[in-house]
>>> print(open('protein37.txt').read())   # compact mmCIF, C-alpha atoms and all ligand atoms
# COMPACT_ATOMS: atom_id res chain seq x y z
CA MET A 1 22.97 -78.78 -53.98
CA THR A 2 21.52 -80.41 -50.90
CA THR A 3 23.35 -83.24 -49.24
CA THR A 4 21.72 -85.91 -47.15
CA GLN A 5 22.02 -85.76 -43.39
CA THR A 6 23.44 -89.21 -42.82
CA PRO A 7 26.62 -89.99 -44.73
CA PRO A 8 25.59 -91.63 -47.98
CA VAL A 9 26.51 -95.21 -48.67
CA ILE A 10 28.87 -95.12 -51.59
CA PRO A 11 28.85 -98.23 -53.75
CA ALA A 12 32.20 -100.01 -53.87
CA THR A 13 32.39 -99.42 -57.62
CA HIS A 14 32.51 -95.69 -57.03
CA GLU A 15 35.10 -95.64 -54.24
CA PRO A 16 38.06 -95.38 -56.63
CA LEU A 17 36.33 -92.57 -58.54
CA LEU A 18 35.80 -90.65 -55.35
CA ALA A 19 39.42 -91.17 -54.41
CA VAL A 20 40.52 -89.70 -57.72
CA ALA A 21 38.14 -86.78 -57.42
CA ARG A 22 39.30 -86.04 -53.87
CA SER A 23 42.95 -86.28 -54.85
CA VAL A 24 42.33 -83.44 -57.30
CA ALA A 25 39.85 -81.27 -55.49
CA GLY A 26 40.76 -82.03 -51.90
CA GLU A 27 38.58 -83.55 -49.17
CA ASP A 28 36.40 -80.46 -48.92
CA GLY A 29 36.14 -79.96 -52.64
CA VAL A 30 33.92 -82.97 -53.22
CA THR A 31 30.75 -83.97 -51.42
CA VAL A 32 28.77 -87.02 -52.35
CA SER A 33 25.09 -87.78 -52.47
CA VAL A 34 23.38 -90.96 -53.51
CA PHE A 35 19.87 -91.39 -54.79
CA ARG A 36 18.92 -94.95 -55.71
CA ASP A 37 21.64 -95.96 -58.16
CA ASN A 38 22.71 -92.40 -58.94
CA VAL A 39 25.97 -91.37 -57.38
CA ARG A 40 26.55 -87.65 -57.49
CA PHE A 41 29.82 -85.87 -56.78
CA HIS A 42 29.32 -82.22 -55.93
CA VAL A 43 32.53 -80.50 -56.91
CA VAL A 44 33.46 -76.89 -56.25
CA PRO A 45 33.33 -74.92 -59.52
CA GLY A 46 37.02 -74.06 -59.61
CA LYS A 47 38.05 -77.69 -59.56
CA VAL A 48 35.47 -79.29 -61.77
CA LEU A 49 37.48 -79.23 -64.98
CA ALA A 50 40.47 -80.91 -63.33
CA VAL A 51 38.24 -83.51 -61.69
CA LEU A 52 36.55 -84.34 -64.98
CA LYS A 53 39.89 -84.58 -66.76
CA ASN A 54 41.25 -87.02 -64.22
CA LEU A 55 38.07 -89.07 -64.07
CA ARG A 56 38.43 -89.52 -67.77
CA SER A 57 42.12 -90.29 -67.92
CA GLU A 58 42.44 -92.40 -64.76
CA CYS A 59 39.06 -94.03 -64.32
CA GLY A 60 38.10 -94.75 -67.91
CA LEU A 61 34.97 -92.58 -67.83
CA ASP A 62 35.39 -91.86 -71.49
CA MET A 63 31.93 -90.76 -72.52
CA LEU A 64 30.08 -87.57 -71.67
CA ILE A 65 26.46 -88.66 -71.73
CA ASP A 66 24.90 -85.37 -70.79
CA LEU A 67 25.74 -81.87 -69.77
CA SER A 68 22.89 -79.71 -68.64
CA ALA A 69 21.76 -77.22 -66.06
CA ALA A 70 18.91 -76.07 -63.86
CA ASP A 71 17.97 -72.78 -62.30
CA TYR A 72 17.37 -73.12 -58.56
CA LEU A 73 15.94 -69.66 -58.04
CA ASN A 74 13.40 -69.87 -55.18
CA TYR A 75 14.07 -73.57 -54.80
CA PRO A 76 13.65 -74.58 -51.16
CA GLY A 77 17.01 -74.86 -49.47
CA ALA A 78 19.11 -74.08 -52.52
CA ALA A 79 22.37 -72.29 -51.79
CA ASN A 80 23.41 -71.57 -55.36
CA ARG A 81 21.41 -70.39 -58.30
CA TYR A 82 22.55 -72.50 -61.27
CA GLY A 83 23.29 -76.18 -60.99
CA ILE A 84 25.28 -77.70 -63.83
CA TRP A 85 25.84 -81.42 -64.15
CA TYR A 86 27.94 -83.76 -66.19
CA VAL A 87 26.86 -87.38 -66.60
CA LEU A 88 29.87 -89.60 -67.29
CA GLU A 89 29.95 -93.18 -68.36
CA SER A 90 32.60 -95.76 -68.98
CA VAL A 91 31.77 -97.40 -72.26
CA SER A 92 33.61 -100.60 -71.38
CA SER A 93 32.19 -101.19 -67.90
CA GLY A 94 28.93 -99.25 -68.01
CA LEU A 95 29.82 -97.43 -64.80
CA ARG A 96 28.11 -94.08 -64.42
CA VAL A 97 28.73 -91.11 -62.24
CA ILE A 98 27.19 -87.66 -62.14
CA VAL A 99 29.41 -84.70 -61.42
CA LYS A 100 27.58 -81.60 -60.29
CA THR A 101 28.76 -78.09 -59.82
CA TRP A 102 27.25 -74.66 -59.59
CA ALA A 103 27.47 -71.06 -60.71
CA ASN A 104 25.98 -67.82 -59.50
CA ASP A 105 24.87 -64.41 -60.65
CA PRO A 106 25.79 -61.83 -61.78
CA GLU A 107 28.19 -63.58 -64.15
CA PRO A 108 27.75 -67.33 -64.08
CA ARG A 109 30.96 -68.82 -65.48
CA LEU A 110 32.57 -72.22 -65.69
CA ASP A 111 35.48 -73.76 -67.50
CA SER A 112 34.60 -75.46 -70.74
CA VAL A 113 35.16 -79.21 -71.00
CA PHE A 114 35.39 -78.99 -74.77
CA ASP A 115 39.02 -80.06 -74.65
CA VAL A 116 38.14 -83.17 -72.68
CA TRP A 117 35.08 -84.24 -74.68
CA ARG A 118 34.42 -82.73 -78.08
CA GLY A 119 30.80 -83.71 -77.61
CA ALA A 120 30.43 -80.96 -75.03
CA ASP A 121 30.43 -78.42 -77.83
CA TRP A 122 26.70 -78.14 -78.50
CA MET A 123 25.67 -79.04 -74.97
CA GLU A 124 27.61 -76.11 -73.56
CA ARG A 125 26.15 -73.89 -76.23
CA GLU A 126 22.70 -74.97 -75.19
CA VAL A 127 23.34 -74.27 -71.52
CA PHE A 128 24.70 -70.88 -72.50
CA ASP A 129 21.67 -70.18 -74.67
CA MET A 130 19.07 -71.26 -72.13
CA PHE A 131 20.70 -70.18 -68.85
CA GLY A 132 23.40 -67.71 -69.78
CA VAL A 133 26.21 -69.67 -68.16
CA VAL A 134 29.43 -68.70 -69.93
CA PHE A 135 31.95 -71.46 -70.57
CA ASP A 136 35.49 -70.13 -70.62
CA GLY A 137 37.60 -71.77 -73.27
CA HIS A 138 34.73 -72.85 -75.50
CA PRO A 139 35.83 -72.24 -79.10
CA ASP A 140 32.49 -71.07 -80.45
CA LEU A 141 30.06 -70.06 -77.75
CA ARG A 142 27.05 -68.90 -79.74
CA ARG A 143 23.35 -69.41 -79.22
CA ILE A 144 22.21 -72.73 -80.56
CA LEU A 145 18.41 -72.74 -80.33
CA MET A 146 17.25 -69.18 -80.01
CA PRO A 147 17.84 -66.67 -82.80
CA ASP A 148 21.11 -64.77 -82.64
CA GLU A 149 19.41 -61.47 -81.93
CA PHE A 150 17.63 -62.86 -78.86
CA VAL A 151 18.86 -61.25 -75.67
CA ALA A 152 17.32 -63.21 -72.80
CA HIS A 153 18.00 -66.67 -71.47
CA PRO A 154 14.58 -68.29 -71.49
CA MET A 155 15.09 -71.20 -69.09
CA ARG A 156 15.85 -68.89 -66.22
CA LYS A 157 13.08 -68.96 -63.67
CA ASP A 158 12.75 -65.20 -63.64
CA TYR A 159 12.04 -65.11 -67.35
CA PRO A 160 8.28 -65.14 -68.03
CA LEU A 161 6.98 -68.34 -69.55
CA ARG A 162 5.27 -66.42 -72.31
CA GLY A 163 8.38 -64.43 -73.06
CA GLU A 164 8.67 -60.70 -73.12
CA GLY A 165 6.82 -60.15 -76.35
CA GLU A 166 9.54 -61.41 -78.69
CA ARG A 167 7.14 -63.81 -80.34
CA HIS A 168 4.95 -60.92 -81.47
CA ASN A 169 7.73 -58.82 -82.80
CA PHE A 170 7.29 -59.44 -86.50
CA LEU A 171 5.93 -57.66 -89.50
CA ALA A 172 2.29 -58.53 -90.16
CA LEU A 173 1.79 -59.11 -93.87
CA SER A 174 -1.48 -58.21 -95.50
CA ARG A 175 -2.69 -60.09 -98.54
CA GLU A 176 -2.23 -57.09 -100.76
CA GLN A 177 1.39 -56.70 -99.79
CA SER A 178 2.36 -60.27 -100.30
CA MET B 1 -23.98 -74.38 -112.29
CA ALA B 2 -23.22 -71.02 -113.78
CA GLU B 3 -23.62 -69.16 -110.53
CA ARG B 4 -21.04 -71.39 -108.82
CA GLY B 5 -18.55 -70.26 -111.40
CA ILE B 6 -18.50 -73.33 -113.57
CA PRO B 7 -18.70 -72.53 -117.25
CA VAL B 8 -21.80 -73.72 -119.02
CA ALA B 9 -21.60 -75.66 -122.23
CA VAL B 10 -24.16 -74.61 -124.78
CA GLU B 11 -25.64 -77.76 -126.11
CA HIS B 12 -28.09 -76.64 -128.75
CA GLU B 13 -27.45 -76.65 -132.46
CA PRO B 14 -25.76 -74.92 -134.15
CA TYR B 15 -23.48 -73.98 -131.22
CA ASP B 16 -22.32 -77.50 -130.45
CA GLY B 17 -18.78 -77.62 -129.19
CA PHE B 18 -18.73 -74.07 -127.81
CA VAL B 19 -18.34 -72.97 -124.23
CA VAL B 20 -19.53 -69.62 -123.03
CA ALA B 21 -18.13 -68.28 -119.77
CA LYS B 22 -16.77 -65.20 -118.11
CA LEU B 23 -13.01 -65.08 -118.22
CA ASP B 24 -12.85 -64.77 -114.44
CA GLU B 25 -14.90 -67.88 -113.99
CA LEU B 26 -12.91 -69.82 -116.50
CA ALA B 27 -9.66 -68.89 -114.78
CA SER B 28 -11.01 -69.78 -111.38
CA TRP B 29 -12.31 -73.06 -112.70
CA CYS B 30 -8.84 -73.98 -113.93
CA ARG B 31 -7.09 -72.76 -110.82
CA LYS B 32 -9.24 -74.42 -108.25
CA ASN B 33 -8.87 -77.83 -109.81
CA SER B 34 -5.12 -77.81 -109.96
CA LEU B 35 -3.93 -76.39 -106.66
CA TRP B 36 -0.29 -77.23 -106.08
CA PRO B 37 0.35 -77.35 -102.35
CA MET B 38 3.47 -76.19 -100.62
CA PRO B 39 3.75 -78.53 -97.61
CA PHE B 40 5.02 -76.31 -94.82
CA ALA B 41 4.99 -79.14 -92.32
CA THR B 42 6.82 -78.35 -89.10
CA ALA B 43 5.33 -80.79 -86.61
CA CYS B 44 2.92 -83.64 -86.00
CA CYS B 45 0.24 -82.19 -88.31
CA GLY B 46 2.69 -82.80 -91.12
CA ILE B 47 2.20 -86.53 -90.68
CA GLU B 48 -1.50 -86.12 -91.22
CA LEU B 49 -0.76 -83.96 -94.23
CA MET B 50 1.28 -86.83 -95.65
CA ALA B 51 -1.57 -89.21 -94.98
CA THR B 52 -3.86 -86.88 -96.90
CA GLY B 53 -1.53 -87.10 -99.84
CA ALA B 54 -1.16 -90.86 -99.65
CA SER B 55 -3.33 -93.42 -101.41
CA LYS B 56 -5.99 -93.99 -98.76
CA HIS B 57 -7.22 -90.41 -98.65
CA ASP B 58 -5.78 -89.38 -101.98
CA ILE B 59 -5.89 -85.64 -102.32
CA ALA B 60 -5.41 -86.23 -106.05
CA ARG B 61 -9.17 -86.68 -106.29
CA PHE B 62 -9.39 -82.93 -105.78
CA GLY B 63 -6.61 -82.02 -108.15
CA ALA B 64 -4.13 -81.08 -105.44
CA GLU B 65 -1.73 -84.00 -105.51
CA ALA B 66 1.26 -82.16 -106.92
CA PHE B 67 3.13 -81.26 -103.74
CA ARG B 68 6.11 -79.13 -104.57
CA PHE B 69 8.97 -78.30 -102.27
CA SER B 70 9.86 -75.18 -104.16
CA PRO B 71 7.56 -72.27 -103.35
CA ARG B 72 8.03 -70.97 -106.88
CA GLN B 73 5.93 -73.83 -108.20
CA CYS B 74 3.14 -73.69 -105.64
CA ASP B 75 -0.07 -71.80 -105.22
CA LEU B 76 -1.42 -73.24 -101.99
CA MET B 77 0.54 -73.09 -98.78
CA ILE B 78 -0.55 -75.61 -96.14
CA VAL B 79 0.99 -74.67 -92.81
CA ALA B 80 0.90 -77.85 -90.77
CA GLY B 81 2.33 -77.56 -87.30
CA ARG B 82 3.79 -75.17 -84.78
CA VAL B 83 5.66 -72.16 -86.05
CA VAL B 84 8.28 -70.80 -83.70
CA MET B 85 9.64 -67.30 -83.75
CA LYS B 86 12.81 -68.47 -85.47
CA MET B 87 10.77 -70.11 -88.20
CA LEU B 88 8.33 -67.29 -88.81
CA PRO B 89 10.63 -65.16 -90.99
CA VAL B 90 11.28 -68.28 -93.06
CA LEU B 91 7.57 -68.89 -93.39
CA GLN B 92 6.97 -65.31 -94.47
CA ARG B 93 9.76 -65.46 -97.00
CA ILE B 94 8.44 -68.68 -98.50
CA TRP B 95 5.00 -67.14 -98.70
CA LEU B 96 6.42 -64.10 -100.47
CA GLN B 97 8.27 -66.34 -102.91
CA MET B 98 5.12 -68.04 -104.08
CA PRO B 99 3.78 -66.59 -107.33
CA GLU B 100 0.28 -65.16 -107.58
CA PRO B 101 -2.40 -66.28 -107.30
CA LYS B 102 -1.87 -68.07 -104.00
CA TRP B 103 -3.83 -69.19 -100.99
CA CYS B 104 -3.03 -70.35 -97.51
CA ILE B 105 -4.54 -73.07 -95.34
CA SER B 106 -3.71 -73.02 -91.65
CA MET B 107 -3.87 -76.62 -90.55
CA GLY B 108 -4.37 -77.58 -86.93
CA ALA B 109 -4.63 -75.86 -83.59
CA CYS B 110 -0.97 -74.86 -83.45
CA ALA B 111 -0.77 -73.13 -86.79
CA SER B 112 -4.09 -71.41 -86.17
CA SER B 113 -3.62 -70.29 -82.57
CA GLY B 114 -0.44 -71.68 -81.05
CA GLY B 115 -2.39 -74.58 -79.59
CA VAL B 116 -1.24 -75.66 -76.17
CA PHE B 117 2.19 -74.15 -76.78
CA ASP B 118 1.66 -70.80 -75.12
CA THR B 119 5.38 -70.22 -74.60
CA TYR B 120 8.02 -67.64 -75.32
CA ALA B 121 9.11 -69.24 -78.57
CA VAL B 122 5.87 -70.23 -80.32
CA VAL B 123 3.93 -67.86 -82.53
CA GLN B 124 0.32 -67.71 -81.37
CA GLY B 125 -1.30 -68.25 -84.73
CA ILE B 126 0.27 -67.63 -88.11
CA ASP B 127 -2.63 -65.39 -89.06
CA ARG B 128 -1.11 -62.69 -86.91
CA PHE B 129 1.58 -62.33 -89.53
CA LEU B 130 0.24 -63.91 -92.70
CA PRO B 131 -3.06 -63.81 -94.59
CA VAL B 132 -4.89 -67.11 -94.10
CA ASP B 133 -7.81 -68.26 -96.26
CA VAL B 134 -9.03 -71.42 -94.55
CA TYR B 135 -8.50 -72.65 -91.01
CA VAL B 136 -8.68 -76.32 -90.13
CA PRO B 137 -9.40 -77.08 -86.47
CA GLY B 138 -8.10 -80.21 -84.79
CA CYS B 139 -5.06 -81.63 -83.14
CA PRO B 140 -4.27 -83.04 -85.58
CA PRO B 141 -7.13 -82.63 -88.02
CA ARG B 142 -8.23 -85.82 -89.73
CA PRO B 143 -7.28 -86.09 -93.39
CA GLU B 144 -10.97 -85.79 -94.19
CA GLN B 145 -10.98 -82.38 -92.57
CA LEU B 146 -8.04 -81.28 -94.64
CA LEU B 147 -9.78 -82.55 -97.76
CA GLN B 148 -12.83 -80.57 -96.72
CA SER B 149 -10.69 -77.48 -96.36
CA VAL B 150 -9.41 -77.97 -99.90
CA ILE B 151 -13.01 -78.28 -101.08
CA ASP B 152 -13.93 -75.14 -99.14
CA LEU B 153 -11.02 -73.33 -100.68
CA GLN B 154 -12.10 -74.46 -104.13
CA ASP B 155 -15.49 -73.06 -103.37
CA LYS B 156 -13.97 -69.79 -102.23
CA ILE B 157 -11.88 -69.56 -105.37
CA SER B 158 -14.81 -70.16 -107.65
CA ARG B 159 -16.91 -67.61 -105.79
CA THR B 160 -14.37 -64.82 -105.58
CA GLY B 161 -11.62 -65.58 -108.09
CA THR B 162 -10.68 -63.12 -110.81
CA VAL B 163 -8.16 -63.37 -113.61
CA LEU B 164 -6.10 -60.46 -112.38
CA GLY B 165 -6.44 -61.20 -108.69
CA ARG B 166 -8.67 -58.22 -107.92
CA GLU B 167 -10.06 -60.07 -104.92
CA PHE B 168 -6.69 -59.89 -103.19
CA ARG B 169 -6.39 -56.16 -103.63
CA GLY B 170 -9.22 -55.53 -101.25
CA ARG B 171 -7.31 -57.21 -98.44
CA GLY B 172 -4.98 -54.38 -97.56
CA GLN B 173 -4.90 -54.83 -93.80
CA PRO B 174 -3.41 -57.64 -91.75
CA GLU B 175 -6.28 -59.96 -90.99
CA GLY B 176 -5.24 -61.77 -87.84
CA PRO B 177 -6.05 -60.85 -84.27
CA ARG B 178 -4.32 -57.89 -82.74
CA SER B 179 -0.93 -58.34 -81.16
CA LEU B 180 -1.14 -60.48 -78.07
CA ARG B 181 0.94 -57.97 -76.25
CA THR B 182 -2.01 -55.69 -75.83
CA GLU B 183 -4.25 -58.49 -74.63
CA MET B 184 -2.08 -60.02 -71.95
CA ASP B 185 0.82 -58.90 -69.88
CA SER B 186 3.91 -60.93 -70.65
CA ALA B 187 4.61 -61.21 -66.94
CA ASP B 188 1.19 -62.70 -66.26
CA GLN B 189 1.41 -65.55 -63.87
CA MET B 190 1.21 -68.90 -65.54
CA VAL B 191 -0.28 -71.71 -63.54
CA ALA B 192 2.32 -74.30 -64.39
CA PRO B 193 5.09 -74.88 -63.58
CA GLY B 194 5.28 -71.50 -61.84
CA ASN B 195 7.44 -72.14 -58.83
CA PHE B 196 8.40 -75.32 -57.08
CA ARG B 197 5.70 -75.10 -54.45
CA THR B 198 2.74 -75.02 -56.81
CA SER B 199 3.34 -77.69 -59.36
CA THR B 200 0.80 -78.87 -61.89
CA ARG B 201 -0.07 -81.72 -59.57
CA SER B 202 -1.25 -79.45 -56.81
CA TRP B 203 -4.97 -79.60 -56.21
CA SER B 204 -5.27 -76.02 -55.09
CA LEU B 205 -4.64 -74.45 -58.47
CA PRO B 206 -7.28 -72.14 -59.84
CA THR B 207 -9.43 -73.80 -62.45
CA VAL B 208 -11.71 -72.27 -65.02
CA ASN B 209 -14.75 -72.65 -62.79
CA ASP B 210 -13.13 -70.79 -59.91
CA ARG B 211 -13.04 -67.59 -61.86
CA PRO B 212 -15.79 -65.11 -61.21
CA ARG B 213 -18.36 -65.25 -63.94
CA ALA B 214 -18.74 -62.04 -65.84
S1 LIG C 301 -2.22 -79.07 -83.76
FE1 LIG C 301 -1.68 -80.91 -82.62
S2 LIG C 301 -1.04 -82.36 -84.20
FE2 LIG C 301 -0.96 -80.31 -85.11
S3 LIG C 301 1.11 -79.58 -84.81
FE3 LIG C 301 -0.09 -78.88 -83.09
S4 LIG C 301 0.21 -80.44 -81.51
FE4 LIG C 301 0.81 -81.34 -83.48
>>> encode(input="protein37.txt", output="structure tokens")
Amino acid sequence: MTTTQTPPVIPATHEPLLAVARSVAGEDGVTVSVFRDNVRFHVVPGKVLAVLKNLRSECGLDMLIDLSAADYLNYPGAANRYGIWYVLESVSSGLRVIVKTWANDPEPRLDSVFDVWRGADWMEREVFDMFGVVFDGHPDLRRILMPDEFVAHPMRKDYPLRGEGERHNFLALSREQS
Amino acid sequence: MAERGIPVAVEHEPYDGFVVAKLDELASWCRKNSLWPMPFATACCGIELMATGASKHDIARFGAEAFRFSPRQCDLMIVAGRVVMKMLPVLQRIWLQMPEPKWCISMGACASSGGVFDTYAVVQGIDRFLPVDVYVPGCPPRPEQLLQSVIDLQDKISRTGTVLGREFRGRGQPEGPRSLRTEMDSADQMVAPGNFRTSTRSWSLPTVNDRPRA
């Protein structure tokens, strides 16, 4: 979300990755931030699927380590509500890069990367379940942790920590009945 | 002995070899010494439940070593661990599948009250939705505590047990606390993590002692 004021120092190992990402998304489509040894590419949502595809096919980033999200509601300085990130790794060289993108209310949507990494299947389902981000093109976007009849997305910051009473919404059995 | 429900052998001639007891007491005596537990172990307490069953603590000394994973063969449900709202219907169904007579031990802070997991998904005590006979405090309880709860349950069975289960018929109302919904607004502010400015590490958070004393 936030980029550093001074231009970040990009490690030489990541220069070719950035070149590939920029060739797909354009100069303005990718911003970079660096924190310790984490290199993050912030990619505009419309281009993120193409960037990920090319990073995989041209740069050998063949493994999707993680796909997750955060809700930046009320976060100081945040411009967008949901941040979604993809952690990529090259199995042969151990090179890692984090691709970040964002989504916003009222209908947070992104393209699914299921076709690029099959492993994204459950991770996208989890992000959908917890944050309500819809992944277009996912073959089976159902809840994965919460019960099917659940309606909220509990990791959103505006959802109360104790829930909205769902956990009390069961039949109480007496000993005589059971 | 007789008043604790244990049948009394009559030792004098010419009655040698006879036992005189109430049928209720005889049934309870048999039942309490061969409880077959259903290990409903969902979290860390389950490990301690296993330790209780293993050789060092040896729950077999109290006749309860036959753990069965089919509720149809069990008469004591030991709920060991957190129960989340997705698991609760399963728990209730397993309880309903157990044949009479049956008892329930709620093991540990989580099963008894939700423990530290006061969140949207965790049921705040199984006794809100199920009849519980014995509670075991602790996080996790020591195996000795669980053994004590089995002994306490045996005591309860011998005191109240009847052949036809009349003691259960009196328990027609749900026994747990009232629904939490009436006690606490779901939108109540939680201290942590709240928002990004007041994290758990902040020193300015209200503590128990800050609250006005009633
Ligand atoms: S009471 Fe403690 S040990 Fe038992 S399930 Fe809860 S957290 Fe785990």
>>> closest_atom_pairs(input="protein37.txt", of="chain B", to="ligand LIG 301 (chain C)", cutoff="7 Å", atoms="all atoms listed in the file", output="Markdown table")
| residue | atom | partner | partner_atom | distance |
| --- | --- | --- | --- | --- |
| B:Ala43 | CA | C:LIG301 | S3 | 4.7 |
| B:Cys44 | CA | C:LIG301 | FE4 | 4.0 |
| B:Cys45 | CA | C:LIG301 | FE2 | 3.9 |
| B:Ala80 | CA | C:LIG301 | S3 | 6.2 |
| B:Gly81 | CA | C:LIG301 | S3 | 3.4 |
| B:Arg82 | CA | C:LIG301 | S3 | 5.2 |
| B:Gly108 | CA | C:LIG301 | S1 | 4.1 |
| B:Ala109 | CA | C:LIG301 | S1 | 4.0 |
| B:Cys110 | CA | C:LIG301 | FE3 | 4.1 |
| B:Ala111 | CA | C:LIG301 | S1 | 6.8 |
| B:Gly115 | CA | C:LIG301 | FE3 | 6.0 |
| B:Gly138 | CA | C:LIG301 | S1 | 6.1 |
| B:Cys139 | CA | C:LIG301 | FE1 | 3.5 |
| B:Pro140 | CA | C:LIG301 | S2 | 3.6 |
>>> atom_distance(input="protein37.txt", atom1="atom CA of Phe40 of chain B", atom2="atom CA of Pro174 of chain B")
20.7 Å
>>> closest_residue(input="protein37.txt", among="B:Ile78, B:Ile59, B:Val19, B:Val90", to="chain A", atoms="all atoms listed in the file")
B:Val90
>>> closest_residue(input="protein37.txt", among="B:Val123, B:Met50, B:Met87, B:Ile151", to="chain A", atoms="only C-alpha atoms")
B:Val123
>>> atom_distance(input="protein37.txt", atom1="atom CA of Gly29 of chain A", atom2="atom CA of Leu49 of chain A")
12.4 Å
>>> closest_atom_pairs(input="protein37.txt", of="chain A", to="chain B", cutoff="7 Å", atoms="all atoms listed in the file", output="tab-separated table")
residue	atom	partner	partner_atom	distance
A:Tyr75	CA	B:Phe196	CA	6.4
A:Pro147	CA	B:Lys86	CA	6.0
A:Pro160	CA	B:Ala187	CA	5.5
A:Leu161	CA	B:Thr119	CA	5.6
A:Arg162	CA	B:Tyr120	CA	4.3
A:Gly163	CA	B:Tyr120	CA	3.9
A:Glu164	CA	B:Ser186	CA	5.4
A:Gly165	CA	B:Arg181	CA	6.3
A:Arg167	CA	B:Met85	CA	5.5
A:His168	CA	B:Ser179	CA	6.4
A:Leu171	CA	B:Phe129	CA	6.4
A:Ala172	CA	B:Phe129	CA	3.9
A:Leu173	CA	B:Leu130	CA	5.2
A:Ser174	CA	B:Pro174	CA	4.3
A:Arg175	CA	B:Pro131	CA	5.4
A:Glu176	CA	B:Gly172	CA	5.0
A:Ser178	CA	B:Leu96	CA	5.6
>>> atom_distance(input="protein37.txt", atom1="atom CA of Glu48 of chain B", atom2="atom CA of Trp29 of chain B")
27.4 Å
>>> residues_around(input="protein37.txt", residues="segment 108-115 of chain A", least_positions_apart="5", cutoff="9 Å", atoms="only C-alpha atoms", output="VMD selection string")
chain A and resid 45 to 46 48 to 49 52 to 53 82 102 to 103 120 to 121 124 131 to 139
>>> closest_residue(input="protein37.txt", among="B:Ala41, B:Leu147, B:Leu23, B:Asn33", to="Asp58 of chain B", atoms="all atoms listed in the file")
B:Leu147
>>> residues_near_point(input="protein37.txt", point="(21.4, -75.9, -61.1)", cutoff="10 Å", atoms="only C-alpha atoms", output="PyMOL selection string")
chain A and resi 1+68-73+75+78+80-85+100-104+131
>>> closest_residue(input="protein37.txt", among="A:Leu141, A:Cys59, A:Val39, A:Ala79", to="Arg125 of chain A", atoms="all atoms listed in the file")
A:Leu141
>>> residues_near_point(input="protein37.txt", point="(-1.8, -73.9, -93.5)", cutoff="6 Å", atoms="only C-alpha atoms", output="PyMOL selection string")
chain B and resi 77-80+104-107
